[in-house]
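Down below is the structure, laid out as structure tokens.
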Amino acid sequence: MMVMRYQLAYPETPIPIVGWFFAESGGIMLPENYNTLGAMHGTIMIFLGVVPLAVGAFGNYLVPLQIGAPDMAFPKLNASSYWSYFIGGVIMLASFFTPEGAARSGWTSYPPLSIFESGQTMWLCGMIFLITSSLLGSMNIIVTIVQLRAPGLTWFKLPFFIWTQLITSFLLVLAFPPLEAASILQLMDRVAGTSFFLPSGLVYAGNAVEAYGSGSPLLWQHLFWFLAHPEVYVLILPAIGIVGEIIANNTRKPLWGYKSMIYAISFLGFMSFIVWAHHMFLTGMGQTMSAFFQLTTMIISIPSVVVLTAFFLSLWGGSIRFNTPMLFALSFLPMFGIGGLTGLPLGVAASDIFLHDTYYVIGHFHYVVAPGTLFALFAGIYYWFPKVTGKKLHEGLGKLHFWPSLLFMNGVFMPMFIQGLAGLSRRMYDGGTQYAHASDILQWNEFMTISAFCLGAAQIPFILNIFMTLASKATGERNPWDSTTIEWSSPSPPLPHVNFDEEVHVYHGPYEYSVPGKDKDFCPQTVK
Amino acid sequence: MSSIPYILEERPDTGLNNSRLGIWIFIASEIMLFGGLFSAYVFLRFAAPEGDFDYWGSKLNVPMATFNTLMLITSSVTMIMSWASLRMKQFDKYKMYLGLTILCGLGFLVVKYIEYTSKFHHGIFPSSSTFMGIYFTLTGLHVLHILGGLLVLIYFWSPVGKRMYDEDPNLLANRIEVTGLYWHFVDLVWIFLFPILYLL
Amino acid sequence: MSNKTDITVEEHLEIQHHVKTYINVFVALIVLTFITVAVSYLEVSFIEAFFLAVMIASVKGSLVLGFFMHLITEKQAIIWILVSTLIAFMILMFLPLVSMIDHTNTW
Ligand code: HEM
Ligand SMILES: [Cu+2]
């Protein structure tokens, strides 16, 4: 990441420290290297980073606790999911060190390019393992939620986070397999010489391609985006769930519109299957289908707005505690708002013709994923750290982590909108120096790169905080945030294989804060 | 062992035990996996030059595939019979029916092997045409599913099954039910593959 | 619940009744297989042949699903999961196809 940013700001100059990696070219990054970094950055962040963190780690850890279950429903399946992830991850990372190098056809791996470029075979094998891992994991989550809820925990007493995990898992189960199928097809194209994605009469690097032909590159795009649009909701839904938990806890109020949010995200889950071709407006799509996908894209933004509005209304009149998790959760709201709203111009074909494949798109999705999902994950780490370890992270260091992160995050991504609106294309290894129309906005590159390095530096307090807290003595306090949900009635850390030290029985809804007439301002779900 | 509830007994409000729900979700994802390939098949068929798929499709061996279809259907019946026998606590019959299922599965693989090798002998490979590509991919993936299923069946046919039966017959019955659901699904996929690849 | 090694007479009868159904389904499947092969020799257009083949396959599939996989007596939760899977499957089958046909250019 940092290397990419450096390259964009100072193209054609040797890169310090990691320059040895590009030794043959005297430390200067070649276009191929940039492409590799770009492709692997996307892949690693999404498939090795956020999904496993949000669904694998947070999901696996919190789902049993929040529903009062002793463990996940299938521990062996859980282990195989983990090992599958591990193998996939090793294949992906090992591909950097093979003679061919890692994949360089973008995280979207569009054919025909991806059929010819080196490194792609490893990428596909890695993907097949990673997909399998996610599938097994999400099956486990669904069964756990449906079957292992504690007595008394009815559907509408489930914490909102559990609902987001349930919908996310369904998206994974239904959307991931087609990409697995597509990966198998692409693997066949590369290894067995088929031409599923190769049209007839293709010329590559000046030579006619020897293949049967009559395939279609668009087939890949359909199968890929059939997964990849639901995938963006896989990235955002767990984040929304985390933020919901933290907001309810720190406003000391029930979540506003709990049920409508559940309906909204269910609808969102369904709709996410029929919007995917908004990524393909520029593939020569016909008028009718283009209109259809524009319409569905506009419709799907409604539930997102419902959720966001409900969160804002939840803040209204609350006596808010501004601790670190809450700060991260609060900043999620406007950041996700910016990300979502900038999606709308992309969802309208007329404006997308201009914006497609510019830095505007990069800005759009990074706003949703980086200051959005990532901040929510940070919030989650600060919030549940005491549950996992019995120790609370330091508040001062936490704030030192939060404020610079927020500032520099925007420093990195906000200028992308400016550059994109000026027409700067994405995936330019030199940051666009060769384009006249980009010359007015190129100075931003340096600013963004400096911000990115500062953003990296802003993570130092976080890492320090983790290690320092781990070294300190555990208090073992069960419920440091005075929270209502079930996980806080277990010991901190929870007991292995059984989690709870007494029978769990649920009497209340998830967010009974400040109930009039009670002597405390919260009423845990498990207390009569 | 573990304290996880509803491994065998059914949860009152859902009426399900964990493994039955689990295998159905697994099947749901398998439907989408083969769905992706079926979708690719239809898409490519429309994209291909007129008559291309017909021409290459006519090179497949229909009698062999018909035989294989009957084989899989039979294996499905013996599979469910072995489960029924187990529920009637007739272990010997269970073992016989399960053995028959395994034999049918192996027979299917043998026929498939003959089909593949005769194609290779005639110089027909996945790269020969788009139809052949999708044919080999779809049937190859299906064969992998048969293989996986056979491994599980053999595991339960081996002495492990007997030991499990002696410990808790209901546990074995549950395992066989779940495996059976998977096995029927693989049969189901073939029921669609057969006409689409061989007959159209 | 039955005890571990014995089952009651009623249960036994019920299972035997099921077994009869399985045999009937088996016969039906065999017959339908031959019908599928037979209709493939009819001289009809591709579209007609396609619908015939898929229709017969669907009947066979429903038999397997309904009786071998016990879907007709299955619980709500599973039916819901399968219905949503079916919807997603249909979307996956047809939306790419419709988009392709709607493309202004050739692909
Ligand atoms: C309200 C909601 C949203 C709308 C209307 C929307 C719309 C769009 C559109 C139309 C594109 C395609 C742009 C182009 O390539 O020309 C796009 C790209 C993208 N969106 Fe969104 N989006 C929304 C929410 C999200 C969310 C919540 C996420 C992720 C967590 C996300 C992640 C992405 C990603 C990763 C891409 C770029 C994919 C690529 O080409 O590499 N979007 N969005
Ligand atoms: Cu999208």
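Chain labels follow the order of the structure tokens: the first chain is A, the next B, and so on; residue numbering restarts at 1 in every chain, and ligands are counted from 1 in their shown order.
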
Within 10 Å of ligand 2, which residues show up when you count only C-alpha atoms and all ligand atoms? List them as a ChimeraX atom specification, please. /A:225-233,272-280,297,343,346-347,365

Skip Gly66 (chain C) itself and residues of its chain fewer than 4 positions away, then list as a short mmCIF file (atom, residue, chain, number, x, y, z; two decimals) with N, CA and C atoms, in the first residue's frame all residues within 12 Å of it, counting only C-alpha atoms.
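Output saved as out32.cif:
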data_model
loop_
_atom_site.label_atom_id
_atom_site.label_comp_id
_atom_site.auth_asym_id
_atom_site.auth_seq_id
_atom_site.Cartn_x
_atom_site.Cartn_y
_atom_site.Cartn_z
N LEU B 181 -28.61 -37.46 2.12
CA LEU B 181 -29.11 -36.23 1.51
C LEU B 181 -28.09 -35.70 0.48
N HIS B 184 -28.11 -38.04 -2.60
CA HIS B 184 -29.26 -37.79 -3.49
C HIS B 184 -29.06 -36.51 -4.28
N PHE B 185 -28.45 -35.52 -3.63
CA PHE B 185 -28.23 -34.27 -4.35
C PHE B 185 -27.30 -34.49 -5.53
N LEU B 188 -29.20 -35.90 -8.16
CA LEU B 188 -30.06 -34.86 -8.73
C LEU B 188 -29.31 -34.04 -9.77
N THR C 21 -43.04 -46.66 -0.92
CA THR C 21 -42.99 -45.43 -1.72
C THR C 21 -41.66 -45.32 -2.45
N TYR C 22 -40.57 -45.62 -1.74
CA TYR C 22 -39.25 -45.50 -2.38
C TYR C 22 -39.18 -46.36 -3.63
N VAL C 25 -41.11 -44.77 -6.45
CA VAL C 25 -40.37 -43.64 -7.01
C VAL C 25 -39.24 -44.15 -7.90
N SER C 58 -36.97 -31.93 -14.47
CA SER C 58 -37.51 -31.31 -13.27
C SER C 58 -38.45 -32.25 -12.54
N VAL C 59 -39.25 -33.01 -13.31
CA VAL C 59 -40.14 -33.98 -12.66
C VAL C 59 -39.31 -34.99 -11.89
N LYS C 60 -38.27 -35.51 -12.56
CA LYS C 60 -37.41 -36.47 -11.88
C LYS C 60 -36.77 -35.85 -10.64
N GLY C 61 -36.29 -34.62 -10.83
CA GLY C 61 -35.65 -33.94 -9.71
C GLY C 61 -36.61 -33.77 -8.55
N SER C 62 -37.87 -33.40 -8.87
CA SER C 62 -38.82 -33.20 -7.77
C SER C 62 -39.08 -34.51 -7.05
N HIS C 70 -37.04 -36.23 1.32
CA HIS C 70 -38.10 -35.93 2.29
C HIS C 70 -38.52 -34.47 2.32
N LEU C 71 -38.43 -33.80 1.19
CA LEU C 71 -38.78 -32.37 1.26
C LEU C 71 -40.25 -32.17 1.56
N ILE C 72 -41.11 -33.14 1.13
CA ILE C 72 -42.54 -32.86 1.32
C ILE C 72 -42.95 -32.82 2.78
N THR C 73 -42.12 -33.43 3.64
CA THR C 73 -42.47 -33.33 5.06
C THR C 73 -41.44 -32.52 5.82
N GLU C 74 -40.66 -31.73 5.10
CA GLU C 74 -39.56 -31.02 5.75
C GLU C 74 -40.05 -29.79 6.49
N ILE C 79 -37.42 -25.20 4.09
CA ILE C 79 -38.16 -24.77 2.90
C ILE C 79 -37.81 -23.33 2.56
#

So which residues touch region 86-96 of chain C within 8 Å, counting only C-alpha atoms, skipping near sequence neighbours fewer than 6 positions away, as a PDB file with N, CA, C and O atoms, in the first residue's frame?
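Final file, result_16.pdb:
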ATOM      1  N   LEU A 174     -24.906 -18.017  -0.682  1.00  0.00           N
ATOM      2  CA  LEU A 174     -25.556 -18.027  -1.995  1.00  0.00           C
ATOM      3  C   LEU A 174     -24.739 -17.331  -3.075  1.00  0.00           C
ATOM      4  O   LEU A 174     -24.900 -17.633  -4.254  1.00  0.00           O
ATOM      5  N   LEU A 219     -18.916 -13.157 -19.650  1.00  0.00           N
ATOM      6  CA  LEU A 219     -19.392 -14.202 -18.747  1.00  0.00           C
ATOM      7  C   LEU A 219     -18.674 -14.100 -17.406  1.00  0.00           C
ATOM      8  O   LEU A 219     -19.285 -14.185 -16.343  1.00  0.00           O
ATOM      9  N   HIS A 222     -20.034 -11.215 -15.398  1.00  0.00           N
ATOM     10  CA  HIS A 222     -21.318 -11.519 -14.763  1.00  0.00           C
ATOM     11  C   HIS A 222     -21.113 -12.386 -13.526  1.00  0.00           C
ATOM     12  O   HIS A 222     -21.626 -12.081 -12.450  1.00  0.00           O
ATOM     13  N   PHE A 226     -21.678 -11.111  -9.761  1.00  0.00           N
ATOM     14  CA  PHE A 226     -22.771 -11.760  -9.033  1.00  0.00           C
ATOM     15  C   PHE A 226     -22.329 -12.024  -7.596  1.00  0.00           C
ATOM     16  O   PHE A 226     -23.118 -11.901  -6.663  1.00  0.00           O
ATOM     17  N   PHE A 273     -28.609  -9.138  -4.830  1.00  0.00           N
ATOM     18  CA  PHE A 273     -28.399 -10.114  -5.893  1.00  0.00           C
ATOM     19  C   PHE A 273     -28.798  -9.595  -7.266  1.00  0.00           C
ATOM     20  O   PHE A 273     -28.541 -10.260  -8.268  1.00  0.00           O
ATOM     21  N   ILE A 274     -29.484  -8.466  -7.318  1.00  0.00           N
ATOM     22  CA  ILE A 274     -29.945  -8.048  -8.644  1.00  0.00           C
ATOM     23  C   ILE A 274     -29.464  -6.652  -9.005  1.00  0.00           C
ATOM     24  O   ILE A 274     -30.128  -5.933  -9.729  1.00  0.00           O
TER      25      ILE A 274
ATOM     26  N   ILE B  31     -25.975 -25.953  -4.878  1.00  0.00           N
ATOM     27  CA  ILE B  31     -26.886 -25.592  -5.968  1.00  0.00           C
ATOM     28  C   ILE B  31     -26.348 -24.354  -6.674  1.00  0.00           C
ATOM     29  O   ILE B  31     -26.323 -24.282  -7.901  1.00  0.00           O
ATOM     30  N   MET B  32     -25.875 -23.391  -5.880  1.00  0.00           N
ATOM     31  CA  MET B  32     -25.360 -22.180  -6.508  1.00  0.00           C
ATOM     32  C   MET B  32     -24.044 -22.445  -7.231  1.00  0.00           C
ATOM     33  O   MET B  32     -23.743 -21.809  -8.242  1.00  0.00           O
ATOM     34  N   GLY B  35     -25.056 -24.049 -10.225  1.00  0.00           N
ATOM     35  CA  GLY B  35     -25.809 -22.999 -10.910  1.00  0.00           C
ATOM     36  C   GLY B  35     -24.887 -22.097 -11.707  1.00  0.00           C
ATOM     37  O   GLY B  35     -25.186 -21.742 -12.852  1.00  0.00           O
ATOM     38  N   GLY B  36     -23.757 -21.733 -11.125  1.00  0.00           N
ATOM     39  CA  GLY B  36     -22.802 -20.897 -11.850  1.00  0.00           C
ATOM     40  C   GLY B  36     -22.356 -21.570 -13.131  1.00  0.00           C
ATOM     41  O   GLY B  36     -22.289 -20.938 -14.189  1.00  0.00           O
ATOM     42  N   PHE B  38     -23.961 -24.068 -14.776  1.00  0.00           N
ATOM     43  CA  PHE B  38     -25.098 -24.184 -15.702  1.00  0.00           C
ATOM     44  C   PHE B  38     -25.325 -22.860 -16.412  1.00  0.00           C
ATOM     45  O   PHE B  38     -25.563 -22.803 -17.620  1.00  0.00           O
ATOM     46  N   SER B  39     -25.254 -21.787 -15.621  1.00  0.00           N
ATOM     47  CA  SER B  39     -25.445 -20.470 -16.207  1.00  0.00           C
ATOM     48  C   SER B  39     -24.389 -20.220 -17.276  1.00  0.00           C
ATOM     49  O   SER B  39     -24.690 -19.714 -18.367  1.00  0.00           O
ATOM     50  N   VAL B  42     -25.357 -22.145 -20.460  1.00  0.00           N
ATOM     51  CA  VAL B  42     -26.412 -21.514 -21.255  1.00  0.00           C
ATOM     52  C   VAL B  42     -25.861 -20.284 -21.962  1.00  0.00           C
ATOM     53  O   VAL B  42     -26.073 -20.067 -23.156  1.00  0.00           O
ATOM     54  N   PHE B  43     -25.114 -19.480 -21.214  1.00  0.00           N
ATOM     55  CA  PHE B  43     -24.543 -18.250 -21.763  1.00  0.00           C
ATOM     56  C   PHE B  43     -23.650 -18.575 -22.962  1.00  0.00           C
ATOM     57  O   PHE B  43     -23.782 -17.979 -24.039  1.00  0.00           O
TER      58      PHE B  43
END

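Between CA of Pro238 (chain A) and CA of Val348 (chain A) the interatomic distance comes to 26.9 Å.
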
Could you build a table of the residues in chain A lying no more than 8 Å from ligand 1, giving for each the nearest pair of atoms and their separation in Å rounded to one decimal place, using only C-alpha atoms and all ligand atoms, ordered by chain and ascending residue number, as a tab-separated table?
residue	atom	partner	partner_atom_place_in_ligand_line	distance
A:Trp107	CA	ligand 1	41 (O)	7.0
A:Thr108	CA	ligand 1	41 (O)	6.5
A:Ala228	CA	ligand 1	38 (C)	7.9
A:His229	CA	ligand 1	33 (C)	7.4
A:Glu231	CA	ligand 1	29 (C)	7.6
A:Val232	CA	ligand 1	29 (C)	3.9
A:Tyr233	CA	ligand 1	30 (C)	5.6
A:Val234	CA	ligand 1	30 (C)	7.3
A:Leu235	CA	ligand 1	30 (C)	4.9
A:Ile236	CA	ligand 1	30 (C)	4.6
A:His278	CA	ligand 1	10 (C)	4.8
A:His279	CA	ligand 1	12 (C)	4.3
A:Met280	CA	ligand 1	15 (O)	7.2
A:Phe281	CA	ligand 1	16 (O)	7.4
A:Thr297	CA	ligand 1	5 (C)	5.4
A:Met298	CA	ligand 1	5 (C)	6.2
A:Ile300	CA	ligand 1	1 (C)	6.6
A:Ser301	CA	ligand 1	1 (C)	4.0
A:Ile302	CA	ligand 1	1 (C)	7.5
A:Ser304	CA	ligand 1	1 (C)	5.9
A:Val305	CA	ligand 1	1 (C)	7.6
A:Phe336	CA	ligand 1	27 (C)	7.5
A:Gly339	CA	ligand 1	24 (C)	6.7
A:Gly340	CA	ligand 1	1 (C)	4.2
A:Leu341	CA	ligand 1	1 (C)	6.3
A:Thr342	CA	ligand 1	4 (C)	7.4
A:Gly343	CA	ligand 1	6 (C)	3.7
A:Leu344	CA	ligand 1	5 (C)	4.3
A:Pro345	CA	ligand 1	10 (C)	7.2
A:Leu346	CA	ligand 1	10 (C)	3.9
A:Gly347	CA	ligand 1	10 (C)	3.6
A:Val348	CA	ligand 1	10 (C)	6.9
A:Asp352	CA	ligand 1	16 (O)	5.3
A:Ile353	CA	ligand 1	16 (O)	7.3
A:Leu355	CA	ligand 1	16 (O)	5.9
A:His356	CA	ligand 1	16 (O)	3.3
A:Asp357	CA	ligand 1	15 (O)	5.4
A:Thr358	CA	ligand 1	16 (O)	7.7
A:Val361	CA	ligand 1	13 (C)	5.4
A:Ile362	CA	ligand 1	37 (C)	6.6
A:His364	CA	ligand 1	20 (N)	6.5
A:Phe365	CA	ligand 1	33 (C)	4.3
A:His366	CA	ligand 1	35 (C)	7.2
A:Val368	CA	ligand 1	30 (C)	5.0
A:Val369	CA	ligand 1	30 (C)	5.0
A:Gly372	CA	ligand 1	30 (C)	7.8
A:Thr373	CA	ligand 1	30 (C)	7.0

Exercise for the section: Have a look at B:Met132, B:Met81, B:Leu109, B:Met64 and name the one nearest to chain C; count only C-alpha atoms. Expected result: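 Nearest candidate to chain C out of B:Met132, B:Met81, B:Leu109, B:Met64: B:Met81.
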
(Q) Just want the 12 Å neighbourhood of Gly161 (chain B), counted on only C-alpha atoms, with same-chain residues fewer than 6 positions away dropped. Output as a ChimeraX atom specification. (A) /B:86,91-92,94-95,98,152-155,167-176

Contact set, chain B to chain A: 10 Å, only C-alpha atoms, as a VMD selection string: chain B and resid 2 to 7 10 to 41 43 to 45 47 to 49 52 125 to 134 136 to 138 141

Could those selected residues go to a file with C-alpha atoms, as a PDB file, in the first residue's frame?
ATOM      1  CA  SER B   2     -19.007 -31.517  24.128  1.00  0.00           C
ATOM      2  CA  SER B   3     -21.934 -29.676  25.542  1.00  0.00           C
ATOM      3  CA  ILE B   4     -23.372 -28.570  22.211  1.00  0.00           C
ATOM      4  CA  PRO B   5     -27.118 -29.143  22.212  1.00  0.00           C
ATOM      5  CA  TYR B   6     -29.347 -30.534  19.444  1.00  0.00           C
ATOM      6  CA  ILE B   7     -26.734 -32.750  17.817  1.00  0.00           C
ATOM      7  CA  GLU B  10     -34.559 -31.892  17.514  1.00  0.00           C
ATOM      8  CA  ARG B  11     -34.816 -28.361  18.740  1.00  0.00           C
ATOM      9  CA  PRO B  12     -38.465 -27.874  19.664  1.00  0.00           C
ATOM     10  CA  ASP B  13     -39.122 -24.567  17.905  1.00  0.00           C
ATOM     11  CA  THR B  14     -37.320 -25.332  14.638  1.00  0.00           C
ATOM     12  CA  GLY B  15     -38.001 -29.078  14.608  1.00  0.00           C
ATOM     13  CA  LEU B  16     -34.491 -29.696  13.301  1.00  0.00           C
ATOM     14  CA  ASN B  17     -31.217 -31.028  14.512  1.00  0.00           C
ATOM     15  CA  ASN B  18     -27.966 -29.286  13.677  1.00  0.00           C
ATOM     16  CA  SER B  19     -26.648 -31.633  11.036  1.00  0.00           C
ATOM     17  CA  ARG B  20     -29.846 -31.738   9.012  1.00  0.00           C
ATOM     18  CA  LEU B  21     -29.989 -27.967   8.817  1.00  0.00           C
ATOM     19  CA  GLY B  22     -26.273 -27.873   8.112  1.00  0.00           C
ATOM     20  CA  ILE B  23     -26.393 -30.284   5.206  1.00  0.00           C
ATOM     21  CA  TRP B  24     -29.286 -28.433   3.606  1.00  0.00           C
ATOM     22  CA  ILE B  25     -27.400 -25.161   3.734  1.00  0.00           C
ATOM     23  CA  PHE B  26     -24.452 -26.975   2.252  1.00  0.00           C
ATOM     24  CA  ILE B  27     -26.694 -28.251  -0.527  1.00  0.00           C
ATOM     25  CA  ALA B  28     -27.983 -24.725  -1.075  1.00  0.00           C
ATOM     26  CA  SER B  29     -24.463 -23.533  -1.708  1.00  0.00           C
ATOM     27  CA  GLU B  30     -23.814 -26.527  -3.960  1.00  0.00           C
ATOM     28  CA  ILE B  31     -26.886 -25.592  -5.968  1.00  0.00           C
ATOM     29  CA  MET B  32     -25.360 -22.180  -6.508  1.00  0.00           C
ATOM     30  CA  LEU B  33     -21.991 -23.723  -7.414  1.00  0.00           C
ATOM     31  CA  PHE B  34     -23.470 -25.879 -10.131  1.00  0.00           C
ATOM     32  CA  GLY B  35     -25.809 -22.999 -10.910  1.00  0.00           C
ATOM     33  CA  GLY B  36     -22.802 -20.897 -11.850  1.00  0.00           C
ATOM     34  CA  LEU B  37     -21.626 -23.587 -14.250  1.00  0.00           C
ATOM     35  CA  PHE B  38     -25.098 -24.184 -15.702  1.00  0.00           C
ATOM     36  CA  SER B  39     -25.445 -20.470 -16.207  1.00  0.00           C
ATOM     37  CA  ALA B  40     -22.083 -20.457 -17.973  1.00  0.00           C
ATOM     38  CA  TYR B  41     -23.253 -23.325 -20.154  1.00  0.00           C
ATOM     39  CA  PHE B  43     -24.543 -18.250 -21.763  1.00  0.00           C
ATOM     40  CA  LEU B  44     -21.832 -19.879 -23.855  1.00  0.00           C
ATOM     41  CA  ARG B  45     -24.342 -21.868 -25.844  1.00  0.00           C
ATOM     42  CA  ALA B  47     -22.746 -16.984 -27.577  1.00  0.00           C
ATOM     43  CA  ALA B  48     -21.373 -19.846 -29.684  1.00  0.00           C
ATOM     44  CA  PRO B  49     -21.700 -20.021 -33.465  1.00  0.00           C
ATOM     45  CA  ASP B  52     -21.373 -25.586 -32.719  1.00  0.00           C
ATOM     46  CA  PHE B 125      -9.760 -32.717 -24.993  1.00  0.00           C
ATOM     47  CA  PRO B 126     -11.314 -29.876 -23.022  1.00  0.00           C
ATOM     48  CA  SER B 127      -9.508 -27.475 -25.314  1.00  0.00           C
ATOM     49  CA  SER B 128     -11.086 -29.009 -28.441  1.00  0.00           C
ATOM     50  CA  SER B 129     -14.159 -26.825 -28.262  1.00  0.00           C
ATOM     51  CA  THR B 130     -16.159 -24.744 -25.861  1.00  0.00           C
ATOM     52  CA  PHE B 131     -18.720 -27.509 -25.569  1.00  0.00           C
ATOM     53  CA  MET B 132     -16.077 -30.057 -24.689  1.00  0.00           C
ATOM     54  CA  GLY B 133     -14.594 -27.614 -22.210  1.00  0.00           C
ATOM     55  CA  ILE B 134     -17.835 -27.167 -20.330  1.00  0.00           C
ATOM     56  CA  PHE B 136     -15.357 -31.866 -19.007  1.00  0.00           C
ATOM     57  CA  THR B 137     -15.640 -29.179 -16.366  1.00  0.00           C
ATOM     58  CA  LEU B 138     -19.205 -30.012 -15.376  1.00  0.00           C
ATOM     59  CA  LEU B 141     -16.716 -31.511 -10.925  1.00  0.00           C
TER      60      LEU B 141
END

Compile the residues of chain A that lie within 6 Å of chain C, evaluated using only C-alpha atoms, and express the compilation as a VMD selection string. chain A and resid 285 to 286 289

- Query: Skipping near chain neighbours, those fewer than 2 positions away, what residues fall within 8 Å of Ile102 (chain B) using only C-alpha atoms, listed as a count of residues only?
  - Reply: 10

*Please indicate the distance in Å from CA of Leu199 (chain B) to CA of Ser58 (chain B), rounded to one decimal place.*
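For CA of Leu199 (chain B) relative to CA of Ser58 (chain B), the distance reads 8.3 Å.
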